[in-house]
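Structure, as structure tokens:
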Amino acid sequence: MARELTLTQIEDIFQGLFVSILGWDITSPSKVNDVRISWPEEGMPAFLITDDVVFVQCLEVDEPYNRQREVEDTWTLTTPELFGRTIGYTRVWQVNAILYGPDSYQNSQELRDKIFYPEHQNTLQKNYLYLVPDVAAPKRVPEYFQGRWWKRVDMSFVLYESVVRSTTVPAIDSISVTIYEGDEGNKIAEINNE
Amino acid sequence: MPFRLSHVVLHTGFVQTYTVERSSGDWVNGRWTEDPPVQISVAGVVSVAQEKDLQPLHLGDQIKGAMIFHSVQPLYVTRVGTTQGTSDIIIWNGQRWRLLSIGDYSDYGYYKAIGERIEGC
């Protein structure tokens, strides 16, 4: 039973989660796409200073628990020729939320508080993601662009993901043994065990 | 009324034809998803903004460069609002150039755009 989120999957999970926390899926469906995934290959249209927009960035981070990961190795014969091998460990994610817009600060407070609500924790846990509850305070970092200060707030969440990877390892199906006398002697026996 | 320079942009001694790829699209769950681009044939003067420079990098030899495209038709960089889209891409001389800046000289009958080479190598 392998489980490992791809980058696209974790981005999609947090896009939907932030939309749900902010209530935009219910109160203003037109804003569902105002939680946006950063770094599209070909770029994306911008937004206006009056738009409340959130950008999601997912990055794996290095921390002691991630580095000294515990490897669980179990063996199960799946077919006569192959063994199944599963390796489990914890991967650590940092999910950045970059908020712009007139309500960016208020929206950051919503994200910070409501991510702890059981329904949102359930969403994470269904995907084997576990929030580290020590959430740092959002940082207000207004951005000067084209003669105006754009409201901006940055915040991050750290999550542990329980990863299980499955691989297969070829089993030894048969062996053949040949016995020689001395270092370069005559062959004295041959055993084929299939 | 300002003097019109569109006849210079379209002068038979200078004019070239190039293709503009104009993209629009939609947002799908927070991801910008482009529709197949519309191709528009445009005539105008093409000149060099930045000569091709070789950049020997750890990931291989890469080439940077930029061209200037003149047009009597409007060209676009990123657009917001009801006709959202990313910057026009110009296909000229078998290579693709993403528009980074537009000079709106429409009062004089033309537009000037700078496109960055996006082939990479």
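Ligands are numbered from 1 in the order shown, residues from 1 within each chain, and chains are lettered A, B, ... in the order they appear in the structure tokens.
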
Which residues of chain B sit at most 7 Å from chain A, using only C-alpha atoms? Give each one's shortest atom pair and distance in Å (one decimal place), in chain and ascending residue order, as JSON lines.
{"residue": "B:Trp27", "atom": "CA", "partner": "A:Asn33", "partner_atom": "CA", "distance": 6.0}
{"residue": "B:Val28", "atom": "CA", "partner": "A:Asn33", "partner_atom": "CA", "distance": 6.7}
{"residue": "B:Asn29", "atom": "CA", "partner": "A:Asn33", "partner_atom": "CA", "distance": 5.5}
{"residue": "B:Gly30", "atom": "CA", "partner": "A:Arg36", "partner_atom": "CA", "distance": 4.1}
{"residue": "B:Arg31", "atom": "CA", "partner": "A:Ile37", "partner_atom": "CA", "distance": 5.9}
{"residue": "B:Trp32", "atom": "CA", "partner": "A:Met44", "partner_atom": "CA", "distance": 5.9}
{"residue": "B:Thr78", "atom": "CA", "partner": "A:Pro45", "partner_atom": "CA", "distance": 5.6}
{"residue": "B:Arg79", "atom": "CA", "partner": "A:Pro45", "partner_atom": "CA", "distance": 6.1}
{"residue": "B:Val80", "atom": "CA", "partner": "A:Pro45", "partner_atom": "CA", "distance": 6.0}
{"residue": "B:Gln84", "atom": "CA", "partner": "A:Pro45", "partner_atom": "CA", "distance": 6.3}
{"residue": "B:Gly85", "atom": "CA", "partner": "A:Pro45", "partner_atom": "CA", "distance": 5.6}
{"residue": "B:Thr86", "atom": "CA", "partner": "A:Pro45", "partner_atom": "CA", "distance": 5.5}

Output C-alpha atoms for every residue in that selection, as a tab-separated table (two decimals), in the first residue's frame.
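Okay, again-v6.tsv is ready:
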chain	number	residue	atom	x	y	z
B	27	TRP	CA	-8.58	29.36	-13.92
B	28	VAL	CA	-9.14	25.77	-12.81
B	29	ASN	CA	-8.80	25.21	-9.07
B	30	GLY	CA	-6.22	27.95	-8.75
B	31	ARG	CA	-4.21	26.94	-11.78
B	32	TRP	CA	-4.07	29.04	-14.91
B	78	THR	CA	-0.07	40.02	-19.35
B	79	ARG	CA	-3.70	41.07	-19.36
B	80	VAL	CA	-6.16	41.12	-16.45
B	84	GLN	CA	-7.22	37.53	-19.14
B	85	GLY	CA	-4.13	36.11	-20.73
B	86	THR	CA	-0.39	35.86	-20.59

Worksheet entry | Distance query B:Asn93 at most 10 Å, only C-alpha atoms, self and fewer than 3 positions along chain excluded, as a ChimeraX atom specification | /B:17-19,90,96

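The interatomic distance for the pair atom CA of A:Glu63 and atom CA of A:Ala137 works out to 19.8 Å.
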
Worksheet item: In chain B, what's strand (DSSP E) per DSSP? Answer as a PyMOL selection string?
Response: chain B and resi 16-22+25-28+31-34+38-44+46-57+60-71+89-92+95-105+110-117

Worksheet entry | Using only C-alpha atoms: which of A:His120, A:Lys126, A:Arg112, A:Lys151 has the shortest distance to A:Tyr100 | A:Lys151

Practice prompt. Provide the atom CA of B:Pro74 to atom CA of B:Pro36 distance in Å, to one decimal place.
Written response: 19.9 Å

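Excluding stretch 53-55 of chain B itself and same-chain residues fewer than 3 positions from it, the residues having an atom within 10 Å of it are Gln50, His58, Gly60, Asp61, Gln62, Ile63, Lys64, Gly65, Ala66 and Cys121 of chain B, counting only C-alpha atoms.
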
Discussion item. As an MDAnalysis selection string, please: every residue in chain A that DSSP puts in helix (DSSP H, G or I).
Written reply: chainID A and resid 7:22 24:27 29:34 64:67 104:114 118:126

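Shell of B:Leu75 at 9 Å, with only C-alpha atoms counted and residues fewer than 3 places along the chain excluded, is Val20, Arg22, Ser71, Val72, Ser87, Asp88, Leu99, Ile102, Asp104, Tyr111, Lys112 and Ala113 of chain B.
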
Would you write out those residues with C-alpha atoms, as an mmCIF file, in the first residue's frame?
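File produced: again35.cif:
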data_model
loop_
_atom_site.group_PDB
_atom_site.id
_atom_site.type_symbol
_atom_site.label_atom_id
_atom_site.label_comp_id
_atom_site.auth_asym_id
_atom_site.auth_seq_id
_atom_site.Cartn_x
_atom_site.Cartn_y
_atom_site.Cartn_z
ATOM 1 C CA VAL B 20 1.895 36.389 -32.892
ATOM 2 C CA ARG B 22 -2.051 35.161 -28.335
ATOM 3 C CA SER B 71 3.661 46.508 -35.390
ATOM 4 C CA VAL B 72 0.759 48.689 -36.409
ATOM 5 C CA SER B 87 2.038 37.773 -22.777
ATOM 6 C CA ASP B 88 2.016 37.379 -26.546
ATOM 7 C CA LEU B 99 7.014 39.873 -24.996
ATOM 8 C CA ILE B 102 5.272 47.163 -24.994
ATOM 9 C CA ASP B 104 2.455 52.216 -26.970
ATOM 10 C CA TYR B 111 3.582 49.708 -31.238
ATOM 11 C CA LYS B 112 7.088 48.669 -30.235
ATOM 12 C CA ALA B 113 7.579 45.441 -28.270
#

Residues within 12 Å of B:Val48, only C-alpha atoms, excluding chain neighbours under 6 positions, as a PDB file with C-alpha atoms, in the first residue's frame:
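The resulting file, selection26.pdb, is reproduced below:
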ATOM      1  CA  GLY B  65      18.785  37.343 -26.506  1.00  0.00           C
ATOM      2  CA  ALA B  66      16.024  39.833 -27.193  1.00  0.00           C
ATOM      3  CA  MET B  67      14.445  41.344 -30.295  1.00  0.00           C
ATOM      4  CA  ILE B  68      12.399  44.445 -30.992  1.00  0.00           C
ATOM      5  CA  PHE B  69       9.173  43.948 -32.921  1.00  0.00           C
ATOM      6  CA  HIS B  70       7.292  46.866 -34.439  1.00  0.00           C
ATOM      7  CA  ALA B 113       7.579  45.441 -28.270  1.00  0.00           C
ATOM      8  CA  ILE B 114      10.644  43.769 -26.787  1.00  0.00           C
ATOM      9  CA  GLY B 115      10.601  39.978 -26.783  1.00  0.00           C
ATOM     10  CA  GLU B 116      12.952  37.702 -24.877  1.00  0.00           C
ATOM     11  CA  ARG B 117      14.170  34.520 -26.497  1.00  0.00           C
TER      12      ARG B 117
END

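With only C-alpha atoms taken into account, the protein and nucleic acid residues at most 9 Å from A:Gly101 (excluding it and anything under 2 positions from it in its own chain) are Leu48, Ile49, Thr50, Asp51, Asp52, Val53, Val54, Leu99, Asp103, Ser104, Tyr105, Trp150, Lys151 and Arg152 of chain A.
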
With C-alpha atoms retained, could you export that selection as a PDB file, in the first residue's frame?
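And here's result02.pdb as it stands now:
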ATOM      1  CA  LEU A  48      -5.430  44.097  -9.178  1.00  0.00           C
ATOM      2  CA  ILE A  49      -4.532  45.906  -5.967  1.00  0.00           C
ATOM      3  CA  THR A  50      -8.184  45.613  -4.985  1.00  0.00           C
ATOM      4  CA  ASP A  51      -8.239  41.800  -5.332  1.00  0.00           C
ATOM      5  CA  ASP A  52      -7.824  39.516  -2.323  1.00  0.00           C
ATOM      6  CA  VAL A  53      -5.583  36.737  -3.596  1.00  0.00           C
ATOM      7  CA  VAL A  54      -3.657  33.944  -1.874  1.00  0.00           C
ATOM      8  CA  LEU A  99      -1.703  36.874   0.828  1.00  0.00           C
ATOM      9  CA  ASP A 103      -8.277  41.960   3.537  1.00  0.00           C
ATOM     10  CA  SER A 104      -4.972  40.088   3.411  1.00  0.00           C
ATOM     11  CA  TYR A 105      -4.226  40.517   7.105  1.00  0.00           C
ATOM     12  CA  TRP A 150       0.308  46.723  -1.998  1.00  0.00           C
ATOM     13  CA  LYS A 151      -0.916  45.010   1.167  1.00  0.00           C
ATOM     14  CA  ARG A 152       0.842  41.678   1.634  1.00  0.00           C
TER      15      ARG A 152
END

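With only C-alpha atoms as the atoms that count, the minimum distance from A:Gln121 to the choices A:Ala136, A:Cys58, A:Arg148, A:Ile21 is reached by A:Ile21.
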
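Atom CA of B:Val15 to atom CA of B:Ser101 spans 20.7 Å [interatomic distance, one decimal].
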